[in-house]
Amino acid sequence: VTGASSGIGEATARKLAAMGYDLVITGRRCDRLQRLSDELEDQCKIKVHALGFDVRERTQVESAIETLPEHFRAIDVLVNNAGLASGLEPIDEGDPMDWDKMIDTNVKGLLYITRVVSRMMVERGQGGLIVNIGSIAGSQTYANGAVYCASKHAVHSLSEGMRIDLLKHGIKVSEVRPGMVETEFSVVRFH
């Protein structure tokens, strides 16, 4: 589960742990990941491996996944949750740094982690499931959110393309498109 240090990612990790899944949880905030890891191992009697890295950095993604202990290398389910919105201005007033952050996280980060994990699934030859967390903004564009909406449109398109590409390997691809959810999303968005 990427982006597991808060919000939908943390909730997803908690739900999967309660169902008995061993987990690899990732995010940038290592202290939060470690607390969650300790809590889930204790409460749910599962194994959890916390990996602190930034999905925007391809080499960090590749290095982190490469260091996974053997027990955690057989990934059956990938939840691509890491994502964010940054800023809420009309396109002519937008901050290119916000744009880079959103595109790098929501699009490139999803691509980087999917590339590494899907290759592992293909090599294992036992199929798998990839769940991409998109947004209702991927189909309903709103004022002052052009770049965020575009990044979530990309998640939708990538999900469809991944589904076609990976079907021959028995890997299923799904997309969940939440609307408004009470998380730290707005705190991040408004800096």
# chains A, B, ... in the order shown; residues from 1 in each chain; ligands from 1
call {"tool": "select_by_dssp", "arguments": {"residues": "range 2-170 of chain A", "states": "alpha helix (DSSP H)", "output": "tab-separated table (two decimals) with N, CA and C atoms, in the first residue's frame"}}
result
chain	number	residue	atom	x	y	z
A	7	GLY	N	-4.68	8.92	5.77
A	7	GLY	CA	-5.82	8.93	4.86
A	7	GLY	C	-6.26	7.58	4.34
A	8	ILE	N	-6.58	7.56	3.05
A	8	ILE	CA	-7.09	6.34	2.41
A	8	ILE	C	-6.07	5.22	2.48
A	9	GLY	N	-4.78	5.54	2.33
A	9	GLY	CA	-3.75	4.51	2.40
A	9	GLY	C	-3.68	3.85	3.76
A	10	GLU	N	-3.72	4.65	4.81
A	10	GLU	CA	-3.72	4.09	6.16
A	10	GLU	C	-4.97	3.25	6.40
A	11	ALA	N	-6.13	3.77	5.99
A	11	ALA	CA	-7.38	3.03	6.16
A	11	ALA	C	-7.35	1.70	5.40
A	12	THR	N	-6.77	1.72	4.21
A	12	THR	CA	-6.65	0.50	3.41
A	12	THR	C	-5.75	-0.51	4.09
A	13	ALA	N	-4.62	-0.04	4.60
A	13	ALA	CA	-3.69	-0.93	5.32
A	13	ALA	C	-4.39	-1.55	6.53
A	14	ARG	N	-5.13	-0.76	7.27
A	14	ARG	CA	-5.85	-1.28	8.44
A	14	ARG	C	-6.87	-2.35	8.04
A	15	LYS	N	-7.59	-2.11	6.96
A	15	LYS	CA	-8.60	-3.06	6.50
A	15	LYS	C	-7.95	-4.36	6.04
A	16	LEU	N	-6.89	-4.25	5.24
A	16	LEU	CA	-6.20	-5.45	4.76
A	16	LEU	C	-5.58	-6.23	5.92
A	17	ALA	N	-5.04	-5.53	6.90
A	17	ALA	CA	-4.46	-6.19	8.07
A	17	ALA	C	-5.54	-6.95	8.83
A	18	ALA	N	-6.69	-6.34	8.99
A	18	ALA	CA	-7.80	-7.00	9.69
A	18	ALA	C	-8.26	-8.25	8.95
A	30	CYS	N	8.31	8.28	7.69
A	30	CYS	CA	8.75	7.01	8.26
A	30	CYS	C	8.26	6.80	9.69
A	31	ASP	N	8.21	7.86	10.48
A	31	ASP	CA	7.76	7.71	11.86
A	31	ASP	C	6.32	7.22	11.92
A	32	ARG	N	5.46	7.76	11.08
A	32	ARG	CA	4.07	7.31	11.03
A	32	ARG	C	3.96	5.89	10.53
A	33	LEU	N	4.74	5.56	9.52
A	33	LEU	CA	4.72	4.19	8.99
A	33	LEU	C	5.12	3.19	10.05
A	34	GLN	N	6.16	3.52	10.81
A	34	GLN	CA	6.64	2.58	11.83
A	34	GLN	C	5.60	2.39	12.93
A	35	ARG	N	4.96	3.49	13.34
A	35	ARG	CA	3.89	3.37	14.35
A	35	ARG	C	2.75	2.49	13.84
A	36	LEU	N	2.35	2.71	12.59
A	36	LEU	CA	1.29	1.90	12.01
A	36	LEU	C	1.71	0.44	11.90
A	37	SER	N	2.94	0.21	11.47
A	37	SER	CA	3.47	-1.14	11.36
A	37	SER	C	3.42	-1.86	12.71
A	38	ASP	N	3.92	-1.21	13.74
A	38	ASP	CA	3.93	-1.81	15.08
A	38	ASP	C	2.51	-2.12	15.55
A	39	GLU	N	1.62	-1.17	15.33
A	39	GLU	CA	0.23	-1.34	15.77
A	39	GLU	C	-0.45	-2.50	15.05
A	40	LEU	N	-0.30	-2.58	13.74
A	40	LEU	CA	-0.96	-3.63	12.97
A	40	LEU	C	-0.39	-5.01	13.28
A	41	GLU	N	0.93	-5.09	13.46
A	41	GLU	CA	1.52	-6.38	13.83
A	41	GLU	C	1.00	-6.85	15.17
A	42	ASP	N	0.90	-5.93	16.12
A	42	ASP	CA	0.44	-6.27	17.46
A	42	ASP	C	-1.04	-6.64	17.47
A	43	GLN	N	-1.88	-5.82	16.85
A	43	GLN	CA	-3.33	-6.02	16.92
A	43	GLN	C	-3.83	-7.13	16.00
A	44	CYS	N	-3.24	-7.25	14.82
A	44	CYS	CA	-3.77	-8.17	13.82
A	44	CYS	C	-2.94	-9.44	13.67
A	58	ARG	N	12.20	7.85	-8.89
A	58	ARG	CA	12.27	6.51	-9.47
A	58	ARG	C	13.35	5.65	-8.84
A	59	THR	N	14.53	6.20	-8.62
A	59	THR	CA	15.62	5.39	-8.06
A	59	THR	C	15.31	4.97	-6.62
A	60	GLN	N	14.62	5.83	-5.86
A	60	GLN	CA	14.21	5.44	-4.51
A	60	GLN	C	13.21	4.30	-4.55
A	61	VAL	N	12.27	4.37	-5.47
A	61	VAL	CA	11.27	3.31	-5.62
A	61	VAL	C	11.96	1.99	-5.93
A	62	GLU	N	12.81	2.01	-6.94
A	62	GLU	CA	13.49	0.78	-7.36
A	62	GLU	C	14.36	0.22	-6.25
A	63	SER	N	15.12	1.07	-5.57
A	63	SER	CA	16.00	0.61	-4.48
A	63	SER	C	15.20	0.05	-3.32
A	64	ALA	N	14.12	0.73	-2.95
A	64	ALA	CA	13.32	0.28	-1.81
A	64	ALA	C	12.70	-1.09	-2.07
A	65	ILE	N	12.12	-1.27	-3.23
A	65	ILE	CA	11.48	-2.55	-3.54
A	65	ILE	C	12.54	-3.65	-3.66
A	66	GLU	N	13.69	-3.30	-4.18
A	66	GLU	CA	14.78	-4.28	-4.31
A	66	GLU	C	15.24	-4.80	-2.94
A	96	PRO	N	3.78	26.45	-10.95
A	96	PRO	CA	4.38	25.29	-11.60
A	96	PRO	C	5.00	24.28	-10.62
A	97	MET	N	5.43	24.75	-9.46
A	97	MET	CA	5.97	23.80	-8.47
A	97	MET	C	4.85	22.89	-7.96
A	98	ASP	N	3.66	23.44	-7.76
A	98	ASP	CA	2.51	22.62	-7.39
A	98	ASP	C	2.19	21.62	-8.50
A	99	TRP	N	2.24	22.09	-9.74
A	99	TRP	CA	1.94	21.21	-10.87
A	99	TRP	C	2.91	20.04	-10.92
A	100	ASP	N	4.21	20.35	-10.76
A	100	ASP	CA	5.22	19.29	-10.78
A	100	ASP	C	4.96	18.27	-9.68
A	101	LYS	N	4.65	18.76	-8.48
A	101	LYS	CA	4.41	17.88	-7.35
A	101	LYS	C	3.24	16.92	-7.63
A	102	MET	N	2.16	17.47	-8.18
A	102	MET	CA	0.98	16.63	-8.47
A	102	MET	C	1.25	15.62	-9.58
A	103	ILE	N	1.85	16.08	-10.66
A	103	ILE	CA	2.12	15.16	-11.78
A	103	ILE	C	3.15	14.11	-11.38
A	110	LEU	N	2.91	6.62	-9.58
A	110	LEU	CA	2.11	5.43	-9.86
A	110	LEU	C	2.81	4.55	-10.90
A	111	LEU	N	3.36	5.18	-11.93
A	111	LEU	CA	4.07	4.43	-12.96
A	111	LEU	C	5.31	3.73	-12.41
A	112	TYR	N	6.09	4.45	-11.62
A	112	TYR	CA	7.34	3.87	-11.10
A	112	TYR	C	7.09	2.64	-10.25
A	113	ILE	N	6.15	2.73	-9.31
A	113	ILE	CA	5.90	1.59	-8.42
A	113	ILE	C	5.24	0.45	-9.19
A	114	THR	N	4.34	0.78	-10.11
A	114	THR	CA	3.67	-0.27	-10.88
A	114	THR	C	4.65	-1.03	-11.74
A	115	ARG	N	5.58	-0.32	-12.35
A	115	ARG	CA	6.57	-0.98	-13.21
A	115	ARG	C	7.35	-2.04	-12.44
A	116	VAL	N	7.82	-1.67	-11.27
A	116	VAL	CA	8.64	-2.60	-10.48
A	116	VAL	C	7.80	-3.77	-9.97
A	117	VAL	N	6.66	-3.47	-9.37
A	117	VAL	CA	5.85	-4.53	-8.76
A	117	VAL	C	5.20	-5.42	-9.81
A	118	SER	N	4.72	-4.84	-10.90
A	118	SER	CA	4.10	-5.69	-11.93
A	118	SER	C	5.11	-6.65	-12.54
A	119	ARG	N	6.34	-6.21	-12.69
A	119	ARG	CA	7.39	-7.12	-13.19
A	119	ARG	C	7.59	-8.29	-12.23
A	120	MET	N	7.55	-8.00	-10.94
A	120	MET	CA	7.68	-9.08	-9.95
A	120	MET	C	6.51	-10.05	-10.06
A	121	MET	N	5.30	-9.52	-10.26
A	121	MET	CA	4.11	-10.37	-10.42
A	121	MET	C	4.23	-11.23	-11.68
A	122	VAL	N	4.67	-10.63	-12.77
A	122	VAL	CA	4.81	-11.37	-14.03
A	122	VAL	C	5.84	-12.48	-13.85
A	123	GLU	N	6.98	-12.19	-13.24
A	123	GLU	CA	8.03	-13.20	-13.04
A	123	GLU	C	7.55	-14.34	-12.17
A	124	ARG	N	6.73	-14.04	-11.16
A	124	ARG	CA	6.19	-15.08	-10.29
A	124	ARG	C	5.20	-15.97	-11.01
A	146	ALA	N	-7.48	22.28	-12.56
A	146	ALA	CA	-7.18	21.69	-13.87
A	146	ALA	C	-6.06	20.66	-13.82
A	147	VAL	N	-4.96	20.97	-13.15
A	147	VAL	CA	-3.81	20.06	-13.17
A	147	VAL	C	-4.09	18.82	-12.32
A	148	TYR	N	-4.69	19.00	-11.14
A	148	TYR	CA	-5.07	17.84	-10.33
A	148	TYR	C	-6.03	16.95	-11.11
A	149	CYS	N	-7.05	17.55	-11.70
A	149	CYS	CA	-8.02	16.77	-12.47
A	149	CYS	C	-7.34	16.05	-13.63
A	150	ALA	N	-6.43	16.73	-14.31
A	150	ALA	CA	-5.70	16.10	-15.41
A	150	ALA	C	-4.89	14.91	-14.92
A	151	SER	N	-4.27	15.05	-13.74
A	151	SER	CA	-3.47	13.93	-13.22
A	151	SER	C	-4.36	12.74	-12.89
A	152	LYS	N	-5.58	13.00	-12.41
A	152	LYS	CA	-6.48	11.90	-12.10
A	152	LYS	C	-7.15	11.34	-13.35
A	153	HIS	N	-7.30	12.16	-14.39
A	153	HIS	CA	-7.70	11.63	-15.70
A	153	HIS	C	-6.62	10.65	-16.18
A	154	ALA	N	-5.36	11.01	-15.96
A	154	ALA	CA	-4.24	10.13	-16.34
A	154	ALA	C	-4.31	8.81	-15.60
A	155	VAL	N	-4.63	8.85	-14.30
A	155	VAL	CA	-4.74	7.60	-13.53
A	155	VAL	C	-5.81	6.71	-14.15
A	156	HIS	N	-6.92	7.31	-14.55
A	156	HIS	CA	-8.00	6.54	-15.18
A	156	HIS	C	-7.51	5.90	-16.48
A	157	SER	N	-6.86	6.68	-17.32
A	157	SER	CA	-6.36	6.16	-18.59
A	157	SER	C	-5.29	5.09	-18.39
A	158	LEU	N	-4.39	5.35	-17.44
A	158	LEU	CA	-3.35	4.36	-17.14
A	158	LEU	C	-3.97	3.06	-16.63
A	159	SER	N	-4.99	3.17	-15.82
A	159	SER	CA	-5.66	1.96	-15.30
A	159	SER	C	-6.23	1.14	-16.45
A	160	GLU	N	-6.87	1.81	-17.40
A	160	GLU	CA	-7.41	1.09	-18.55
A	160	GLU	C	-6.30	0.45	-19.38
A	161	GLY	N	-5.21	1.19	-19.60
A	161	GLY	CA	-4.10	0.64	-20.37
A	161	GLY	C	-3.41	-0.51	-19.66
A	162	MET	N	-3.20	-0.37	-18.35
A	162	MET	CA	-2.57	-1.45	-17.57
A	162	MET	C	-3.42	-2.72	-17.64
A	163	ARG	N	-4.73	-2.53	-17.55
A	163	ARG	CA	-5.65	-3.67	-17.59
A	163	ARG	C	-5.44	-4.45	-18.88
A	164	ILE	N	-5.32	-3.75	-19.99
A	164	ILE	CA	-5.12	-4.40	-21.29
A	164	ILE	C	-3.75	-5.08	-21.33
A	165	ASP	N	-2.71	-4.37	-20.91
A	165	ASP	CA	-1.35	-4.89	-20.99
A	165	ASP	C	-1.09	-6.09	-20.08
A	166	LEU	N	-1.70	-6.10	-18.91
A	166	LEU	CA	-1.36	-7.11	-17.91
A	166	LEU	C	-2.32	-8.29	-17.87
call {"tool": "residues_around", "arguments": {"residues": "Glu175 in chain A", "least_positions_apart": "3", "cutoff": "6 Å", "atoms": "only C-alpha atoms", "output": "PyMOL selection string"}}
result
chain A and resi 131-133
call {"tool": "select_by_dssp", "arguments": {"residues": "range 12-101 of chain A", "states": "strand (DSSP E or B)", "output": "list in words"}}
result
Leu23, Val24, Ile25, Thr26, Gly27, Val48, His49, Ala50, Leu51, Gly52, Val77, Leu78, Val79 and Asn80 of chain A
call {"tool": "atom_distance", "arguments": {"atom1": "CA of Glu89 in chain A", "atom2": "CA of Arg28 in chain A"}}
result
25.8 Å
call {"tool": "closest_residue", "arguments": {"among": "A:Arg56, A:Gly125, A:Pro69, A:Gly83", "to": "Asp104 in chain A", "atoms": "only C-alpha atoms"}}
result
A:Arg56
call {"tool": "atom_distance", "arguments": {"atom1": "CA of His71 in chain A", "atom2": "CA of Tyr21 in chain A"}}
result
12.4 Å
call {"tool": "closest_residue", "arguments": {"among": "A:Ser139, A:Thr26, A:Asn80, A:Asn106", "to": "Leu68 in chain A", "atoms": "only C-alpha atoms"}}
result
A:Thr26
call {"tool": "atom_distance", "arguments": {"atom1": "CA of Ala82 in chain A", "atom2": "CA of Ala50 in chain A"}}
result
14.4 Å
call {"tool": "closest_residue", "arguments": {"among": "A:Gly170, A:Leu23, A:Ser6, A:Val181", "to": "Arg73 in chain A", "atoms": "only C-alpha atoms"}}
result
A:Leu23
call {"tool": "closest_residue", "arguments": {"among": "A:Leu51, A:Met180, A:Ile130, A:Leu167", "to": "Arg29 in chain A", "atoms": "only C-alpha atoms"}}
result
A:Leu51
